[in-house]
>>> print(open('structure.cif').read())   # mmCIF, C-alpha atoms, pLDDT in the B column; chains and numbers go by the auth columns
data_upload
#
loop_
_atom_site.group_PDB
_atom_site.id
_atom_site.type_symbol
_atom_site.label_atom_id
_atom_site.label_comp_id
_atom_site.label_asym_id
_atom_site.label_seq_id
_atom_site.Cartn_x
_atom_site.Cartn_y
_atom_site.Cartn_z
_atom_site.B_iso_or_equiv
_atom_site.auth_seq_id
_atom_site.auth_asym_id
ATOM 1 C CA MET A 1 -51.159 -4.396 76.169 48.00 1 A
ATOM 2 C CA THR A 2 -51.984 -7.980 77.207 48.00 2 A
ATOM 3 C CA MET A 3 -51.244 -9.948 80.383 46.00 3 A
ATOM 4 C CA VAL A 4 -50.287 -13.564 79.769 46.00 4 A
ATOM 5 C CA ALA A 5 -50.051 -16.090 82.599 48.00 5 A
ATOM 6 C CA ILE A 6 -47.470 -18.854 82.304 44.00 6 A
ATOM 7 C CA GLU A 7 -47.553 -21.825 84.680 48.00 7 A
ATOM 8 C CA THR A 8 -44.264 -23.210 85.982 46.00 8 A
ATOM 9 C CA GLY A 9 -45.028 -26.015 88.412 48.00 9 A
ATOM 10 C CA THR A 10 -47.421 -24.579 90.995 45.00 10 A
ATOM 11 C CA GLN A 11 -46.600 -20.953 90.267 47.00 11 A
ATOM 12 C CA LYS A 12 -48.021 -18.573 87.763 45.00 12 A
ATOM 13 C CA ILE A 13 -45.860 -15.854 86.321 43.00 13 A
ATOM 14 C CA GLY A 14 -47.531 -12.870 84.699 43.00 14 A
ATOM 15 C CA LEU A 15 -45.771 -11.379 81.675 42.00 15 A
ATOM 16 C CA VAL A 16 -46.745 -8.136 80.027 41.00 16 A
ATOM 17 C CA LEU A 17 -46.321 -8.384 76.278 43.00 17 A
ATOM 18 C CA ASN A 18 -46.336 -5.120 74.423 45.00 18 A
ATOM 19 C CA CYS A 19 -45.971 -6.939 71.144 43.00 19 A
ATOM 20 C CA LEU A 20 -49.481 -8.351 70.783 42.00 20 A
ATOM 21 C CA ASN A 21 -51.705 -6.687 68.246 47.00 21 A
ATOM 22 C CA PRO A 22 -54.510 -5.048 70.255 47.00 22 A
ATOM 23 C CA TYR A 23 -56.935 -5.632 67.379 47.00 23 A
ATOM 24 C CA ASN A 24 -56.322 -9.359 67.251 49.00 24 A
ATOM 25 C CA LYS A 25 -55.591 -11.040 70.560 47.00 25 A
ATOM 26 C CA ASN A 26 -55.029 -14.436 68.996 49.00 26 A
ATOM 27 C CA LYS A 27 -52.409 -13.403 66.462 47.00 27 A
ATOM 28 C CA MET A 28 -49.415 -11.142 66.369 47.00 28 A
ATOM 29 C CA SER A 29 -49.060 -8.506 63.690 48.00 29 A
ATOM 30 C CA THR A 30 -46.300 -8.909 61.112 47.00 30 A
ATOM 31 C CA GLU A 31 -44.133 -6.420 62.943 47.00 31 A
ATOM 32 C CA ASN A 32 -44.830 -7.975 66.335 49.00 32 A
ATOM 33 C CA LYS A 33 -43.795 -11.465 65.259 46.00 33 A
ATOM 34 C CA HIS A 34 -40.229 -10.248 65.559 48.00 34 A
ATOM 35 C CA CYS A 35 -40.772 -8.538 68.901 45.00 35 A
ATOM 36 C CA ILE A 36 -40.227 -10.063 72.349 44.00 36 A
ATOM 37 C CA MET A 37 -40.961 -8.212 75.580 48.00 37 A
ATOM 38 C CA GLY A 38 -41.098 -4.882 73.783 51.00 38 A
ATOM 39 C CA ARG A 39 -37.799 -5.416 71.947 53.00 39 A
ATOM 40 C CA LYS A 40 -37.620 -5.889 68.216 48.00 40 A
ATOM 41 C CA ILE A 41 -35.398 -8.581 66.805 46.00 41 A
ATOM 42 C CA LYS A 42 -33.558 -7.193 63.801 50.00 42 A
ATOM 43 C CA GLN A 43 -33.912 -9.439 60.793 51.00 43 A
ATOM 44 C CA LYS A 44 -30.861 -10.121 58.685 59.00 44 A
ATOM 45 C CA ASP A 45 -30.933 -8.177 55.428 67.00 45 A
ATOM 46 C CA LYS A 46 -31.496 -10.305 52.372 85.00 46 A
ATOM 47 C CA ALA A 47 -28.462 -10.524 50.100 90.00 47 A
ATOM 48 C CA VAL A 48 -28.776 -8.632 46.813 93.00 48 A
ATOM 49 C CA SER A 49 -27.046 -9.675 43.599 95.00 49 A
ATOM 50 C CA ALA A 50 -25.203 -7.262 41.311 95.00 50 A
ATOM 51 C CA LYS A 51 -27.868 -7.851 38.663 95.00 51 A
ATOM 52 C CA ASP A 52 -30.692 -6.914 41.030 96.00 52 A
ATOM 53 C CA PHE A 53 -28.823 -3.841 42.234 96.00 53 A
ATOM 54 C CA LEU A 54 -28.143 -2.556 38.718 96.00 54 A
ATOM 55 C CA ALA A 55 -31.783 -3.092 37.746 95.00 55 A
ATOM 56 C CA PHE A 56 -32.990 -0.713 40.475 95.00 56 A
ATOM 57 C CA PRO A 57 -30.034 0.881 42.312 96.00 57 A
ATOM 58 C CA SER A 58 -30.465 2.160 45.861 96.00 58 A
ATOM 59 C CA PRO A 59 -28.203 2.781 48.885 96.00 59 A
ATOM 60 C CA GLN A 60 -29.891 -0.047 50.795 96.00 60 A
ATOM 61 C CA LYS A 61 -29.356 -2.550 47.988 96.00 61 A
ATOM 62 C CA LEU A 62 -25.727 -1.496 47.738 96.00 62 A
ATOM 63 C CA LYS A 63 -25.232 -2.362 51.411 94.00 63 A
ATOM 64 C CA GLN A 64 -26.972 -5.693 50.924 95.00 64 A
ATOM 65 C CA MET A 65 -24.491 -6.664 48.213 95.00 65 A
ATOM 66 C CA GLY A 66 -21.916 -7.391 50.904 92.00 66 A
ATOM 67 C CA LYS A 67 -18.174 -6.833 51.052 91.00 67 A
ATOM 68 C CA GLN A 68 -17.468 -8.196 47.572 93.00 68 A
ATOM 69 C CA LYS A 69 -19.780 -5.734 45.825 95.00 69 A
ATOM 70 C CA ALA A 70 -17.104 -4.362 43.478 96.00 70 A
ATOM 71 C CA ASP A 71 -15.949 -7.818 42.389 96.00 71 A
ATOM 72 C CA ASN A 72 -19.562 -8.895 41.908 96.00 72 A
ATOM 73 C CA LEU A 73 -20.217 -5.928 39.632 97.00 73 A
ATOM 74 C CA ILE A 74 -17.162 -6.762 37.537 96.00 74 A
ATOM 75 C CA GLN A 75 -18.292 -10.365 37.341 96.00 75 A
ATOM 76 C CA GLU A 76 -21.768 -9.250 36.281 96.00 76 A
ATOM 77 C CA LEU A 77 -20.293 -7.255 33.397 96.00 77 A
ATOM 78 C CA GLY A 78 -18.259 -10.256 32.284 96.00 78 A
ATOM 79 C CA ASN A 79 -16.573 -9.694 28.913 95.00 79 A
ATOM 80 C CA GLU A 80 -18.237 -6.281 28.682 96.00 80 A
ATOM 81 C CA ILE A 81 -15.756 -4.962 31.250 96.00 81 A
ATOM 82 C CA THR A 82 -13.581 -3.955 28.274 95.00 82 A
ATOM 83 C CA ASP A 83 -16.487 -2.091 26.645 96.00 83 A
ATOM 84 C CA LEU A 84 -16.111 1.516 27.804 94.00 84 A
ATOM 85 C CA ASP A 85 -19.685 2.428 26.930 92.00 85 A
ATOM 86 C CA LYS A 86 -21.061 -0.461 28.998 94.00 86 A
ATOM 87 C CA VAL A 87 -18.756 0.362 31.882 96.00 87 A
ATOM 88 C CA MET A 88 -19.796 4.019 31.821 95.00 88 A
ATOM 89 C CA GLN A 89 -23.464 3.047 31.797 93.00 89 A
ATOM 90 C CA THR A 90 -22.763 0.991 34.895 96.00 90 A
ATOM 91 C CA PHE A 91 -20.829 3.895 36.403 97.00 91 A
ATOM 92 C CA LEU A 92 -23.810 6.198 35.907 95.00 92 A
ATOM 93 C CA ARG A 93 -26.278 3.744 37.416 95.00 93 A
ATOM 94 C CA ILE A 94 -24.113 3.228 40.476 96.00 94 A
ATOM 95 C CA SER A 95 -23.215 6.881 41.012 97.00 95 A
ATOM 96 C CA SER A 96 -26.819 8.019 40.549 95.00 96 A
ATOM 97 C CA ILE A 97 -27.577 7.004 44.153 97.00 97 A
ATOM 98 C CA VAL A 98 -24.865 9.275 45.570 97.00 98 A
ATOM 99 C CA THR A 99 -25.736 12.489 47.398 95.00 99 A
ATOM 100 C CA LYS A 100 -23.442 14.993 49.064 91.00 100 A
ATOM 101 C CA ASP A 101 -24.853 14.200 52.521 93.00 101 A
ATOM 102 C CA ASP A 102 -24.665 10.385 52.439 96.00 102 A
ATOM 103 C CA VAL A 103 -20.956 9.792 52.995 96.00 103 A
ATOM 104 C CA ASP A 104 -21.212 6.031 53.529 96.00 104 A
ATOM 105 C CA THR A 105 -22.973 5.464 50.216 97.00 105 A
ATOM 106 C CA LYS A 106 -20.516 7.712 48.410 97.00 106 A
ATOM 107 C CA ASP A 107 -17.542 5.817 49.850 97.00 107 A
ATOM 108 C CA SER A 108 -19.012 2.469 48.789 97.00 108 A
ATOM 109 C CA VAL A 109 -19.802 3.720 45.293 98.00 109 A
ATOM 110 C CA CYS A 110 -16.307 5.184 44.931 97.00 110 A
ATOM 111 C CA GLU A 111 -14.824 1.845 45.924 96.00 111 A
ATOM 112 C CA CYS A 112 -16.894 0.037 43.290 97.00 112 A
ATOM 113 C CA THR A 113 -16.279 2.514 40.479 97.00 113 A
ATOM 114 C CA GLU A 114 -12.555 2.585 41.226 97.00 114 A
ATOM 115 C CA LYS A 115 -12.280 -1.109 40.492 96.00 115 A
ATOM 116 C CA LEU A 116 -14.539 -0.865 37.442 97.00 116 A
ATOM 117 C CA ILE A 117 -12.527 1.910 35.794 97.00 117 A
ATOM 118 C CA GLU A 118 -9.183 0.419 36.764 96.00 118 A
ATOM 119 C CA GLU A 119 -10.232 -2.935 35.324 97.00 119 A
ATOM 120 C CA THR A 120 -11.498 -1.524 32.025 96.00 120 A
ATOM 121 C CA LEU A 121 -8.308 0.507 31.565 96.00 121 A
ATOM 122 C CA LYS A 122 -6.321 -2.723 31.520 95.00 122 A
ATOM 123 C CA SER A 123 -7.536 -3.141 27.957 93.00 123 A
ATOM 124 C CA GLU A 124 -5.020 -1.592 25.557 90.00 124 A
ATOM 125 C CA HIS A 125 -7.889 -0.323 23.410 90.00 125 A
ATOM 126 C CA ASN A 126 -9.233 1.918 26.173 93.00 126 A
ATOM 127 C CA THR A 127 -6.991 4.963 25.988 95.00 127 A
ATOM 128 C CA GLY A 128 -7.155 8.175 27.982 95.00 128 A
ATOM 129 C CA SER A 129 -8.943 10.054 25.210 96.00 129 A
ATOM 130 C CA MET A 130 -11.511 7.277 24.795 96.00 130 A
ATOM 131 C CA LEU A 131 -12.194 7.203 28.527 97.00 131 A
ATOM 132 C CA ALA A 132 -12.754 10.955 28.683 97.00 132 A
ATOM 133 C CA ASN A 133 -14.972 10.861 25.605 96.00 133 A
ATOM 134 C CA SER A 134 -17.054 8.009 27.021 96.00 134 A
ATOM 135 C CA ILE A 135 -17.497 9.857 30.319 97.00 135 A
ATOM 136 C CA LEU A 136 -18.615 13.057 28.591 97.00 136 A
ATOM 137 C CA VAL A 137 -21.013 11.261 26.245 95.00 137 A
ATOM 138 C CA SER A 138 -22.578 9.161 29.001 95.00 138 A
ATOM 139 C CA MET A 139 -23.131 12.295 31.086 95.00 139 A
ATOM 140 C CA GLY A 140 -24.795 14.031 28.161 94.00 140 A
ATOM 141 C CA ILE A 141 -22.157 16.745 27.889 95.00 141 A
ATOM 142 C CA LEU A 142 -21.142 15.510 24.442 94.00 142 A
ATOM 143 C CA LYS A 143 -23.457 13.974 21.861 89.00 143 A
ATOM 144 C CA GLY A 144 -22.766 10.370 20.975 86.00 144 A
ATOM 145 C CA GLU A 145 -23.667 8.212 18.010 85.00 145 A
ATOM 146 C CA ASP A 146 -26.775 6.830 19.716 84.00 146 A
ATOM 147 C CA LYS A 147 -29.422 9.462 18.981 81.00 147 A
ATOM 148 C CA LYS A 148 -31.943 7.717 21.256 84.00 148 A
ATOM 149 C CA TYR A 149 -29.686 7.934 24.302 86.00 149 A
ATOM 150 C CA LYS A 150 -31.122 9.938 27.191 88.00 150 A
ATOM 151 C CA PRO A 151 -28.580 11.401 29.623 86.00 151 A
ATOM 152 C CA PRO A 152 -29.303 11.462 33.364 90.00 152 A
ATOM 153 C CA SER A 153 -31.511 14.259 34.648 91.00 153 A
ATOM 154 C CA THR A 154 -28.882 15.257 37.212 94.00 154 A
ATOM 155 C CA LEU A 155 -25.108 14.883 37.360 96.00 155 A
ATOM 156 C CA MET A 156 -24.691 15.524 41.075 97.00 156 A
ATOM 157 C CA GLY A 157 -23.817 11.922 41.974 97.00 157 A
ATOM 158 C CA PRO A 158 -21.616 11.182 38.935 97.00 158 A
ATOM 159 C CA LEU A 159 -19.654 14.416 39.403 98.00 159 A
ATOM 160 C CA LEU A 160 -19.036 13.705 43.090 98.00 160 A
ATOM 161 C CA VAL A 161 -17.767 10.214 42.301 98.00 161 A
ATOM 162 C CA LEU A 162 -15.737 11.406 39.319 98.00 162 A
ATOM 163 C CA GLU A 163 -13.995 13.923 41.575 97.00 163 A
ATOM 164 C CA HIS A 164 -12.738 10.960 43.576 97.00 164 A
ATOM 165 C CA LEU A 165 -11.762 8.897 40.538 98.00 165 A
ATOM 166 C CA VAL A 166 -9.599 11.540 38.859 98.00 166 A
ATOM 167 C CA LYS A 167 -7.316 11.534 41.920 97.00 167 A
ATOM 168 C CA GLN A 168 -6.466 7.861 41.535 97.00 168 A
ATOM 169 C CA PRO A 169 -3.055 6.840 40.124 96.00 169 A
ATOM 170 C CA PHE A 170 -4.599 4.715 37.372 96.00 170 A
ATOM 171 C CA PHE A 171 -6.676 7.599 35.977 97.00 171 A
ATOM 172 C CA PRO A 172 -4.971 8.847 32.770 97.00 172 A
ATOM 173 C CA LYS A 173 -3.501 12.338 32.806 96.00 173 A
ATOM 174 C CA PHE A 174 -4.829 13.002 29.311 97.00 174 A
ATOM 175 C CA SER A 175 -8.346 12.133 30.501 97.00 175 A
ATOM 176 C CA ARG A 176 -8.018 14.749 33.248 97.00 176 A
ATOM 177 C CA GLU A 177 -6.942 17.391 30.743 96.00 177 A
ATOM 178 C CA ILE A 178 -9.891 16.712 28.441 97.00 178 A
ATOM 179 C CA LEU A 179 -12.376 16.653 31.317 97.00 179 A
ATOM 180 C CA SER A 180 -10.988 19.900 32.698 96.00 180 A
ATOM 181 C CA MET A 181 -11.559 21.623 29.366 96.00 181 A
ATOM 182 C CA PHE A 182 -15.204 20.550 29.086 96.00 182 A
ATOM 183 C CA MET A 183 -16.124 20.940 32.754 96.00 183 A
ATOM 184 C CA SER A 184 -15.174 24.616 32.615 94.00 184 A
ATOM 185 C CA LYS A 185 -17.604 25.295 29.758 94.00 185 A
ATOM 186 C CA PRO A 186 -21.254 26.278 30.308 94.00 186 A
ATOM 187 C CA HIS A 187 -23.720 23.402 30.039 94.00 187 A
ATOM 188 C CA PRO A 188 -27.282 23.055 31.404 94.00 188 A
ATOM 189 C CA LEU A 189 -26.575 19.741 33.150 94.00 189 A
ATOM 190 C CA LEU A 190 -23.361 21.026 34.708 95.00 190 A
ATOM 191 C CA ASP A 191 -25.010 24.287 35.726 94.00 191 A
ATOM 192 C CA GLN A 192 -27.554 22.316 37.773 94.00 192 A
ATOM 193 C CA SER A 193 -24.753 20.893 39.919 95.00 193 A
ATOM 194 C CA LYS A 194 -22.480 23.903 40.297 94.00 194 A
ATOM 195 C CA GLU A 195 -21.048 22.893 43.654 95.00 195 A
ATOM 196 C CA ALA A 196 -20.071 19.392 42.494 96.00 196 A
ATOM 197 C CA ARG A 197 -18.656 20.736 39.222 96.00 197 A
ATOM 198 C CA HIS A 198 -16.613 23.374 41.058 96.00 198 A
ATOM 199 C CA LYS A 199 -15.143 20.744 43.358 96.00 199 A
ATOM 200 C CA LEU A 200 -14.282 18.519 40.399 97.00 200 A
ATOM 201 C CA LEU A 201 -12.620 21.400 38.551 97.00 201 A
ATOM 202 C CA GLN A 202 -10.526 22.256 41.603 96.00 202 A
ATOM 203 C CA THR A 203 -9.320 18.667 41.812 97.00 203 A
ATOM 204 C CA LEU A 204 -8.605 18.474 38.078 96.00 204 A
ATOM 205 C CA MET A 205 -6.528 21.661 38.257 94.00 205 A
ATOM 206 C CA ALA A 206 -4.602 20.301 41.245 93.00 206 A
ATOM 207 C CA TYR A 207 -3.591 17.219 39.273 85.00 207 A
#
>>> encode(input="structure.cif", output="structure tokens")
Amino acid sequence: MTMVAIETGTQKIGLVLNCLNPYNKNKMSTENKHCIMGRKIKQKDKAVSAKDFLAFPSPQKLKQMGKQKADNLIQELGNEITDLDKVMQTFLRISSIVTKDDVDTKDSVCECTEKLIEETLKSEHNTGSMLANSILVSMGILKGEDKKYKPPSTLMGPLLVLEHLVKQPFFPKFSREILSMFMSKPHPLLDQSKEARHKLLQTLMAY
């Protein structure tokens, strides 16, 4: 703690600054540069692009993408928005940051994936059966043509987000039927996330 005297005319006013680095009286520490009279000034979060977010997804980066995050993700995909495999890869990357306890992140991810799936389904080539197949392959529940593909180590996030997606009006009924059939079968990845799978199955049966 350091006392600093400030002259105003003929008077001296003593101010106690808690922000000064006690190990360097001439300089403030990095943290203290944004601190005045013991109060920290919150710096504005740096904006994050869709490209940067997809490279290394995190809840914090998702927040920093701003209100247009879903539109920015669609724009980042460009013409690949009609490519189901590319869209599902994006879906997995986004949903991988979701946990059952972080409601805010889940809501934001659901908002983004809603628009992604709805947009890709506008292509007449992306049918209900193709959507379901792409979901199952990307999750590692079905084997795809790419033998080098490595499925995610956990499906907790994707299953939680998928449970939200299957309730949406644009989600094909046939996709729900196919997913319901495979989600009820034993699988190591699904067995690791029993609670999320059970919730998804309940929703699929309700629709």
>>> resolve_selection(input="structure.cif", expression="the PyMOL selection byres ((chain A and resi 64-68) around 8)", output="PyMOL selection string")
chain A and resi 45-50+53+60-63+69-72
>>> write_last_selection(input="structure.cif", atoms="C-alpha atoms", output="PDB file, in the frame of the given file")
ATOM      1  CA  ASP A  45     -30.933  -8.177  55.428  1.00 67.00           C
ATOM      2  CA  LYS A  46     -31.496 -10.305  52.372  1.00 85.00           C
ATOM      3  CA  ALA A  47     -28.462 -10.524  50.100  1.00 90.00           C
ATOM      4  CA  VAL A  48     -28.776  -8.632  46.813  1.00 93.00           C
ATOM      5  CA  SER A  49     -27.046  -9.675  43.599  1.00 95.00           C
ATOM      6  CA  ALA A  50     -25.203  -7.262  41.311  1.00 95.00           C
ATOM      7  CA  PHE A  53     -28.823  -3.841  42.234  1.00 96.00           C
ATOM      8  CA  GLN A  60     -29.891  -0.047  50.795  1.00 96.00           C
ATOM      9  CA  LYS A  61     -29.356  -2.550  47.988  1.00 96.00           C
ATOM     10  CA  LEU A  62     -25.727  -1.496  47.738  1.00 96.00           C
ATOM     11  CA  LYS A  63     -25.232  -2.362  51.411  1.00 94.00           C
ATOM     12  CA  LYS A  69     -19.780  -5.734  45.825  1.00 95.00           C
ATOM     13  CA  ALA A  70     -17.104  -4.362  43.478  1.00 96.00           C
ATOM     14  CA  ASP A  71     -15.949  -7.818  42.389  1.00 96.00           C
ATOM     15  CA  ASN A  72     -19.562  -8.895  41.908  1.00 96.00           C
TER      16      ASN A  72
END
>>> residues_around(input="structure.cif", residues="region 186-188 of chain A", least_positions_apart="5", cutoff="12 Å", atoms="all atoms listed in the file", output="PyMOL selection string")
chain A and resi 136+139-142+151-155+181+193-194+197
>>> write_last_selection(input="structure.cif", atoms="C-alpha atoms", output="mmCIF file, in the frame of the given file")
data_model
loop_
_atom_site.group_PDB
_atom_site.id
_atom_site.type_symbol
_atom_site.label_atom_id
_atom_site.label_comp_id
_atom_site.auth_asym_id
_atom_site.auth_seq_id
_atom_site.Cartn_x
_atom_site.Cartn_y
_atom_site.Cartn_z
ATOM 1 C CA LEU A 136 -18.615 13.057 28.591
ATOM 2 C CA MET A 139 -23.131 12.295 31.086
ATOM 3 C CA GLY A 140 -24.795 14.031 28.161
ATOM 4 C CA ILE A 141 -22.157 16.745 27.889
ATOM 5 C CA LEU A 142 -21.142 15.510 24.442
ATOM 6 C CA PRO A 151 -28.580 11.401 29.623
ATOM 7 C CA PRO A 152 -29.303 11.462 33.364
ATOM 8 C CA SER A 153 -31.511 14.259 34.648
ATOM 9 C CA THR A 154 -28.882 15.257 37.212
ATOM 10 C CA LEU A 155 -25.108 14.883 37.360
ATOM 11 C CA MET A 181 -11.559 21.623 29.366
ATOM 12 C CA SER A 193 -24.753 20.893 39.919
ATOM 13 C CA LYS A 194 -22.480 23.903 40.297
ATOM 14 C CA ARG A 197 -18.656 20.736 39.222
#
>>> closest_residue(input="structure.cif", among="A:Asp83, A:Lys147, A:Glu177, A:Ser95", to="Ser129 (chain A)", atoms="only C-alpha atoms")
A:Glu177
>>> closest_residue(input="structure.cif", among="A:Glu111, A:Glu118, A:Glu145, A:Asp191", to="His164 (chain A)", atoms="all atoms listed in the file")
A:Glu111
>>> resolve_selection(input="structure.cif", expression="the PyMOL selection byres ((chain A and resi 128) around 9)", output="PyMOL selection string")
chain A and resi 121+126-127+129-133+171-176+178
>>> atom_distance(input="structure.cif", atom1="CA of Val103 (chain A)", atom2="CA of Leu84 (chain A)")
27.0 Å
>>> atom_distance(input="structure.cif", atom1="CA of Ile135 (chain A)", atom2="CA of Val161 (chain A)")
12.0 Å
>>> residues_around(input="structure.cif", residues="Thr113 (chain A)", least_positions_apart="4", cutoff="8 Å", atoms="all atoms listed in the file", output="PyMOL selection string")
chain A and resi 70+91+94+109+117+165
>>> build_atoms(input="structure.cif", residues="region 172-180 of chain A", atoms="all heavy atoms", output="PDB file, keeping the file's coordinate frame")
ATOM      1  N   PRO A 172      -5.904   8.237  33.733  1.00 97.00           N
ATOM      2  CA  PRO A 172      -4.971   8.847  32.770  1.00 97.00           C
ATOM      3  C   PRO A 172      -4.910  10.372  32.862  1.00 97.00           C
ATOM      4  O   PRO A 172      -5.936  11.036  33.015  1.00 97.00           O
ATOM      5  CB  PRO A 172      -5.549   8.414  31.411  1.00 97.00           C
ATOM      6  CG  PRO A 172      -6.379   7.208  31.711  1.00 97.00           C
ATOM      7  CD  PRO A 172      -6.958   7.456  33.067  1.00 97.00           C
ATOM      8  N   LYS A 173      -3.716  10.890  32.760  1.00 96.00           N
ATOM      9  CA  LYS A 173      -3.501  12.338  32.806  1.00 96.00           C
ATOM     10  C   LYS A 173      -4.220  13.034  31.646  1.00 96.00           C
ATOM     11  O   LYS A 173      -4.804  14.109  31.817  1.00 96.00           O
ATOM     12  CB  LYS A 173      -2.000  12.638  32.740  1.00 96.00           C
ATOM     13  CG  LYS A 173      -1.638  14.115  32.848  1.00 96.00           C
ATOM     14  CD  LYS A 173      -0.131  14.297  32.860  1.00 96.00           C
ATOM     15  CE  LYS A 173       0.245  15.758  33.064  1.00 96.00           C
ATOM     16  NZ  LYS A 173      -0.183  16.621  31.929  1.00 96.00           N
ATOM     17  N   PHE A 174      -4.187  12.401  30.482  1.00 97.00           N
ATOM     18  CA  PHE A 174      -4.829  13.002  29.311  1.00 97.00           C
ATOM     19  C   PHE A 174      -6.346  13.085  29.506  1.00 97.00           C
ATOM     20  O   PHE A 174      -6.989  14.032  29.041  1.00 97.00           O
ATOM     21  CB  PHE A 174      -4.495  12.193  28.054  1.00 97.00           C
ATOM     22  CG  PHE A 174      -4.860  12.886  26.774  1.00 97.00           C
ATOM     23  CD1 PHE A 174      -4.587  14.233  26.589  1.00 97.00           C
ATOM     24  CD2 PHE A 174      -5.490  12.196  25.749  1.00 97.00           C
ATOM     25  CE1 PHE A 174      -4.926  14.888  25.408  1.00 97.00           C
ATOM     26  CE2 PHE A 174      -5.835  12.833  24.562  1.00 97.00           C
ATOM     27  CZ  PHE A 174      -5.553  14.182  24.394  1.00 97.00           C
ATOM     28  N   SER A 175      -6.907  12.107  30.203  1.00 97.00           N
ATOM     29  CA  SER A 175      -8.346  12.133  30.501  1.00 97.00           C
ATOM     30  C   SER A 175      -8.674  13.331  31.383  1.00 97.00           C
ATOM     31  O   SER A 175      -9.687  14.011  31.183  1.00 97.00           O
ATOM     32  CB  SER A 175      -8.772  10.844  31.212  1.00 97.00           C
ATOM     33  OG  SER A 175      -8.605   9.716  30.391  1.00 97.00           O
ATOM     34  N   ARG A 176      -7.809  13.597  32.358  1.00 97.00           N
ATOM     35  CA  ARG A 176      -8.018  14.749  33.248  1.00 97.00           C
ATOM     36  C   ARG A 176      -8.008  16.054  32.456  1.00 97.00           C
ATOM     37  O   ARG A 176      -8.825  16.947  32.696  1.00 97.00           O
ATOM     38  CB  ARG A 176      -6.929  14.794  34.324  1.00 97.00           C
ATOM     39  CG  ARG A 176      -6.924  13.634  35.295  1.00 97.00           C
ATOM     40  CD  ARG A 176      -6.004  13.940  36.474  1.00 97.00           C
ATOM     41  NE  ARG A 176      -5.781  12.769  37.295  1.00 97.00           N
ATOM     42  CZ  ARG A 176      -4.676  12.030  37.256  1.00 97.00           C
ATOM     43  NH1 ARG A 176      -3.686  12.358  36.436  1.00 97.00           N
ATOM     44  NH2 ARG A 176      -4.547  10.975  38.040  1.00 97.00           N
ATOM     45  N   GLU A 177      -7.076  16.161  31.533  1.00 96.00           N
ATOM     46  CA  GLU A 177      -6.942  17.391  30.743  1.00 96.00           C
ATOM     47  C   GLU A 177      -8.186  17.637  29.887  1.00 96.00           C
ATOM     48  O   GLU A 177      -8.668  18.771  29.788  1.00 96.00           O
ATOM     49  CB  GLU A 177      -5.693  17.302  29.866  1.00 96.00           C
ATOM     50  CG  GLU A 177      -4.397  17.287  30.667  1.00 96.00           C
ATOM     51  CD  GLU A 177      -3.175  17.028  29.798  1.00 96.00           C
ATOM     52  OE1 GLU A 177      -3.354  16.707  28.597  1.00 96.00           O
ATOM     53  OE2 GLU A 177      -2.048  17.144  30.311  1.00 96.00           O
ATOM     54  N   ILE A 178      -8.692  16.580  29.277  1.00 97.00           N
ATOM     55  CA  ILE A 178      -9.891  16.712  28.441  1.00 97.00           C
ATOM     56  C   ILE A 178     -11.104  17.068  29.302  1.00 97.00           C
ATOM     57  O   ILE A 178     -11.893  17.959  28.953  1.00 97.00           O
ATOM     58  CB  ILE A 178     -10.157  15.406  27.664  1.00 97.00           C
ATOM     59  CG1 ILE A 178      -9.019  15.130  26.680  1.00 97.00           C
ATOM     60  CG2 ILE A 178     -11.489  15.488  26.913  1.00 97.00           C
ATOM     61  CD1 ILE A 178      -9.119  13.786  25.976  1.00 97.00           C
ATOM     62  N   LEU A 179     -11.246  16.382  30.423  1.00 97.00           N
ATOM     63  CA  LEU A 179     -12.376  16.653  31.317  1.00 97.00           C
ATOM     64  C   LEU A 179     -12.333  18.082  31.843  1.00 97.00           C
ATOM     65  O   LEU A 179     -13.363  18.758  31.932  1.00 97.00           O
ATOM     66  CB  LEU A 179     -12.367  15.665  32.492  1.00 97.00           C
ATOM     67  CG  LEU A 179     -12.719  14.219  32.159  1.00 97.00           C
ATOM     68  CD1 LEU A 179     -12.530  13.334  33.392  1.00 97.00           C
ATOM     69  CD2 LEU A 179     -14.152  14.106  31.659  1.00 97.00           C
ATOM     70  N   SER A 180     -11.146  18.539  32.180  1.00 96.00           N
ATOM     71  CA  SER A 180     -10.988  19.900  32.698  1.00 96.00           C
ATOM     72  C   SER A 180     -11.467  20.935  31.681  1.00 96.00           C
ATOM     73  O   SER A 180     -12.126  21.924  32.039  1.00 96.00           O
ATOM     74  CB  SER A 180      -9.517  20.146  33.048  1.00 96.00           C
ATOM     75  OG  SER A 180      -9.343  21.446  33.559  1.00 96.00           O
TER      76      SER A 180
END
